[in-house]
$ cat structure-v9.cif   # mmCIF, C-alpha atoms
data_input
loop_
_atom_site.label_atom_id
_atom_site.label_comp_id
_atom_site.auth_asym_id
_atom_site.auth_seq_id
_atom_site.Cartn_x
_atom_site.Cartn_y
_atom_site.Cartn_z
CA GLN A 46 -8.22 14.87 -7.15
CA VAL A 47 -7.26 11.22 -7.19
CA GLN A 48 -9.64 8.37 -6.50
CA LEU A 49 -8.35 5.03 -5.23
CA VAL A 50 -10.27 1.78 -5.27
CA GLU A 51 -8.89 -1.33 -3.57
CA SER A 52 -9.93 -4.87 -4.32
CA GLY A 53 -8.79 -8.42 -3.73
CA GLY A 54 -9.35 -8.79 -0.02
CA GLY A 55 -11.07 -11.79 1.48
CA LEU A 56 -10.79 -14.78 3.78
CA VAL A 57 -7.78 -17.05 3.49
CA GLN A 58 -6.23 -19.75 5.64
CA ALA A 59 -2.89 -19.25 7.32
CA GLY A 60 -0.08 -19.94 4.88
CA GLY A 61 -2.18 -18.87 1.93
CA SER A 62 -1.83 -15.96 -0.47
CA LEU A 63 -3.82 -12.98 -1.66
CA ARG A 64 -3.15 -10.24 -4.16
CA LEU A 65 -4.58 -6.82 -3.48
CA SER A 66 -5.08 -4.25 -6.22
CA CYS A 67 -5.51 -0.51 -6.02
CA ALA A 68 -6.66 1.33 -9.11
CA ALA A 69 -6.06 5.07 -9.27
CA SER A 70 -8.10 7.46 -11.38
CA GLY A 71 -8.32 11.19 -11.81
CA ARG A 72 -5.18 13.34 -11.74
CA THR A 73 -2.74 10.44 -11.78
CA PHE A 74 -0.30 11.83 -14.33
CA SER A 75 2.08 13.04 -11.65
CA THR A 76 1.96 10.13 -9.21
CA TYR A 77 5.11 10.06 -7.10
CA VAL A 78 4.61 7.18 -4.68
CA MET A 79 1.84 4.81 -3.67
CA GLY A 80 1.79 2.87 -0.49
CA TRP A 81 -0.09 0.18 1.38
CA PHE A 82 -1.08 0.45 5.02
CA ARG A 83 -3.21 -1.70 7.26
CA GLN A 84 -5.28 -1.13 10.35
CA VAL A 85 -7.04 -3.20 12.97
CA PRO A 86 -9.69 -1.76 15.29
CA GLY A 87 -8.23 0.17 18.19
CA LYS A 88 -4.76 0.45 16.67
CA GLU A 89 -2.98 3.03 14.57
CA ARG A 90 -2.61 2.61 10.85
CA GLU A 91 0.48 0.50 10.16
CA PHE A 92 2.83 0.90 7.22
CA VAL A 93 3.18 -2.13 4.92
CA ALA A 94 5.05 -1.11 1.75
CA VAL A 95 5.62 1.77 -0.66
CA ILE A 96 6.65 2.04 -4.29
CA ARG A 97 8.03 5.03 -6.17
CA TRP A 98 6.40 5.30 -9.57
CA SER A 99 9.80 5.76 -11.21
CA GLY A 100 11.18 2.74 -9.38
CA GLY A 101 12.15 1.65 -5.91
CA THR A 102 10.35 -0.08 -3.07
CA TYR A 103 10.49 -0.17 0.70
CA TYR A 104 8.86 -2.59 3.13
CA ALA A 105 8.08 -2.78 6.78
CA ASP A 106 10.43 -5.29 8.39
CA SER A 107 7.67 -7.74 9.28
CA MET A 108 6.53 -7.90 5.64
CA LYS A 109 9.92 -8.38 3.97
CA GLY A 110 10.15 -11.65 2.13
CA ARG A 111 6.41 -12.30 2.34
CA PHE A 112 4.84 -9.27 0.65
CA THR A 113 5.69 -7.75 -2.72
CA ILE A 114 4.53 -4.37 -3.97
CA SER A 115 4.43 -3.69 -7.69
CA ARG A 116 2.77 -1.32 -10.11
CA ASP A 117 1.40 -1.23 -13.62
CA SER A 118 1.90 2.32 -14.83
CA ALA A 119 -0.29 1.85 -17.89
CA LYS A 120 -3.20 0.83 -15.66
CA ASN A 121 -2.39 3.28 -12.85
CA THR A 122 -2.63 0.32 -10.52
CA VAL A 123 -0.54 -0.81 -7.59
CA TYR A 124 -0.56 -4.37 -6.31
CA LEU A 125 0.32 -6.07 -3.06
CA GLN A 126 1.12 -9.76 -3.36
CA MET A 127 0.86 -11.32 0.08
CA ASN A 128 2.26 -14.80 0.66
CA SER A 129 2.65 -16.97 3.75
CA LEU A 130 -0.15 -15.09 5.42
CA LYS A 131 -0.51 -15.25 9.19
CA PRO A 132 -3.53 -14.60 11.42
CA GLU A 133 -1.81 -11.42 12.62
CA ASP A 134 -1.98 -10.08 9.06
CA THR A 135 -5.74 -9.76 9.51
CA ALA A 136 -6.65 -6.10 8.99
CA VAL A 137 -8.25 -3.62 6.67
CA TYR A 138 -5.70 -2.80 4.00
CA TYR A 139 -5.60 0.70 2.52
CA CYS A 140 -3.71 2.09 -0.42
CA ALA A 141 -2.49 5.66 -0.42
CA HIS A 142 -1.17 8.10 -2.98
CA THR A 143 0.80 11.29 -3.14
CA GLN A 144 2.05 13.53 -5.91
CA ARG A 145 4.27 15.55 -3.57
CA ARG A 146 7.94 14.90 -4.25
CA THR A 147 8.94 15.84 -0.76
CA TYR A 148 11.49 13.09 -0.15
CA TYR A 149 13.57 10.79 -2.30
CA THR A 150 14.17 8.37 0.56
CA LEU A 151 11.25 5.97 0.61
CA THR A 152 11.57 5.30 4.31
CA ARG A 153 9.93 8.69 4.92
CA TYR A 154 6.78 7.38 3.23
CA SER A 155 6.13 4.96 6.05
CA ASN A 156 4.39 7.95 7.65
CA PRO A 157 0.67 8.10 6.75
CA GLY A 158 0.86 11.89 6.92
CA GLU A 159 2.90 12.00 3.73
CA TYR A 160 -0.06 10.85 1.64
CA ASP A 161 -2.87 12.95 0.22
CA TYR A 162 -5.36 10.37 -1.00
CA TRP A 163 -6.64 7.13 0.47
CA GLY A 164 -8.80 4.30 -0.70
CA GLN A 165 -11.77 2.95 1.20
CA GLY A 166 -9.94 -0.17 2.33
CA THR A 167 -10.33 -3.87 1.75
CA GLN A 168 -10.69 -6.46 4.50
CA VAL A 169 -8.17 -9.28 4.73
CA THR A 170 -8.94 -12.05 7.20
CA VAL A 171 -6.48 -14.88 7.82
CA SER A 172 -7.85 -17.86 9.70
CA SER A 173 -5.67 -20.15 11.78
#

$ encode --input "structure-v9.cif" --output "structure tokens"
Amino acid sequence: QVQLVESGGGLVQAGGSLRLSCAASGRTFSTYVMGWFRQVPGKEREFVAVIRWSGGTYYADSMKGRFTISRDSAKNTVYLQMNSLKPEDTAVYYCAHTQRRTYYTLTRYSNPGEYDYWGQGTQVTVSS
């Protein structure tokens, strides 16, 4: 089992920045990838970014250049630095984790079904 706890959400004005954190605990010794997704009420969960624990990142097109995913292996923590935030970035942000080494290509991990564990989510609200 892996437990994920997100933090860092909040209210920010358009153009501002936030950094989300996701701390993993439990059986984290074989982490393969961790990802960030977001969801607004009435819509499907949307892929944001993914990082392979051994290196490599992939972003949704709308986040490229504004969001940066990173990880601290020693702390078993993944981060999402979000800059130039827009009102349409308002959502609950979730981190996700998998130990399954199903694919090398990170694009496949834009699918929520490839993850085994999810955090409880953290609300990000961007005001105009």

$ residues_near_point --input "structure-v9.cif" --point "(-0.9, 15.3, -1.7)" --cutoff "12 Å" --atoms "only C-alpha atoms" --output "mmCIF file with C-alpha atoms, in the frame of the given file"
data_model
loop_
_atom_site.group_PDB
_atom_site.id
_atom_site.type_symbol
_atom_site.label_atom_id
_atom_site.label_comp_id
_atom_site.auth_asym_id
_atom_site.auth_seq_id
_atom_site.Cartn_x
_atom_site.Cartn_y
_atom_site.Cartn_z
ATOM 1 C CA GLN A 46 -8.220 14.870 -7.150
ATOM 2 C CA VAL A 47 -7.260 11.220 -7.190
ATOM 3 C CA ARG A 72 -5.180 13.340 -11.740
ATOM 4 C CA THR A 73 -2.740 10.440 -11.780
ATOM 5 C CA SER A 75 2.080 13.040 -11.650
ATOM 6 C CA THR A 76 1.960 10.130 -9.210
ATOM 7 C CA TYR A 77 5.110 10.060 -7.100
ATOM 8 C CA VAL A 78 4.610 7.180 -4.680
ATOM 9 C CA MET A 79 1.840 4.810 -3.670
ATOM 10 C CA ALA A 141 -2.490 5.660 -0.420
ATOM 11 C CA HIS A 142 -1.170 8.100 -2.980
ATOM 12 C CA THR A 143 0.800 11.290 -3.140
ATOM 13 C CA GLN A 144 2.050 13.530 -5.910
ATOM 14 C CA ARG A 145 4.270 15.550 -3.570
ATOM 15 C CA ARG A 146 7.940 14.900 -4.250
ATOM 16 C CA THR A 147 8.940 15.840 -0.760
ATOM 17 C CA PRO A 157 0.670 8.100 6.750
ATOM 18 C CA GLY A 158 0.860 11.890 6.920
ATOM 19 C CA GLU A 159 2.900 12.000 3.730
ATOM 20 C CA TYR A 160 -0.060 10.850 1.640
ATOM 21 C CA ASP A 161 -2.870 12.950 0.220
ATOM 22 C CA TYR A 162 -5.360 10.370 -1.000
ATOM 23 C CA TRP A 163 -6.640 7.130 0.470
#

$ closest_residue --input "structure-v9.cif" --among "A:Leu130, A:Leu65, A:Ala136, A:Leu151" --to "A:Tyr104" --atoms "only C-alpha atoms"
A:Leu151

$ residues_around --input "structure-v9.cif" --residues "A:Val85" --least-positions-apart "2" --cutoff "10 Å" --atoms "only C-alpha atoms" --output "tab-separated table (two decimals) with C-alpha atoms, in the frame of the given file"
chain	number	residue	atom	x	y	z
A	83	ARG	CA	-3.21	-1.70	7.26
A	87	GLY	CA	-8.23	0.17	18.19
A	88	LYS	CA	-4.76	0.45	16.67
A	89	GLU	CA	-2.98	3.03	14.57
A	90	ARG	CA	-2.61	2.61	10.85
A	91	GLU	CA	0.48	0.50	10.16
A	133	GLU	CA	-1.81	-11.42	12.62
A	134	ASP	CA	-1.98	-10.08	9.06
A	135	THR	CA	-5.74	-9.76	9.51
A	136	ALA	CA	-6.65	-6.10	8.99
A	137	VAL	CA	-8.25	-3.62	6.67
A	138	TYR	CA	-5.70	-2.80	4.00
A	168	GLN	CA	-10.69	-6.46	4.50

$ atom_distance --input "structure-v9.cif" --atom1 "atom CA of A:Ala68" --atom2 "atom CA of A:Ser129"
24.2 Å

$ resolve_selection --input "structure-v9.cif" --expression "the PyMOL selection byres ((chain A and resi 106) around 12)" --output "list in words"
Glu91, Phe92, Val93, Ala94, Tyr103, Tyr104, Ala105, Ser107, Met108, Lys109, Gly110, Arg111, Phe112, Thr152 and Ser155 of chain A

$ closest_residue --input "structure-v9.cif" --among "A:Gly101, A:Lys131, A:Thr113, A:Ser172" --to "A:Thr150" --atoms "only C-alpha atoms"
A:Gly101

$ atom_distance --input "structure-v9.cif" --atom1 "atom CA of A:Tyr149" --atom2 "atom CA of A:Tyr124"
21.1 Å

$ axis_aligned_box --input "structure-v9.cif" --around "stretch 84-100 of chain A" --padding-each-side "5 Å" --output "lines of an AutoDock Vina configuration file"
center_x = 0.7
center_y = 1.3
center_z = 3.5
size_x = 30.9
size_y = 19.0
size_z = 39.4

$ atom_distance --input "structure-v9.cif" --atom1 "atom CA of A:Met127" --atom2 "atom CA of A:Thr170"
12.1 Å

$ closest_residue --input "structure-v9.cif" --among "A:Gly100, A:Trp81, A:Ile114, A:Asn156" --to "A:Asn128" --atoms "only C-alpha atoms"
A:Ile114
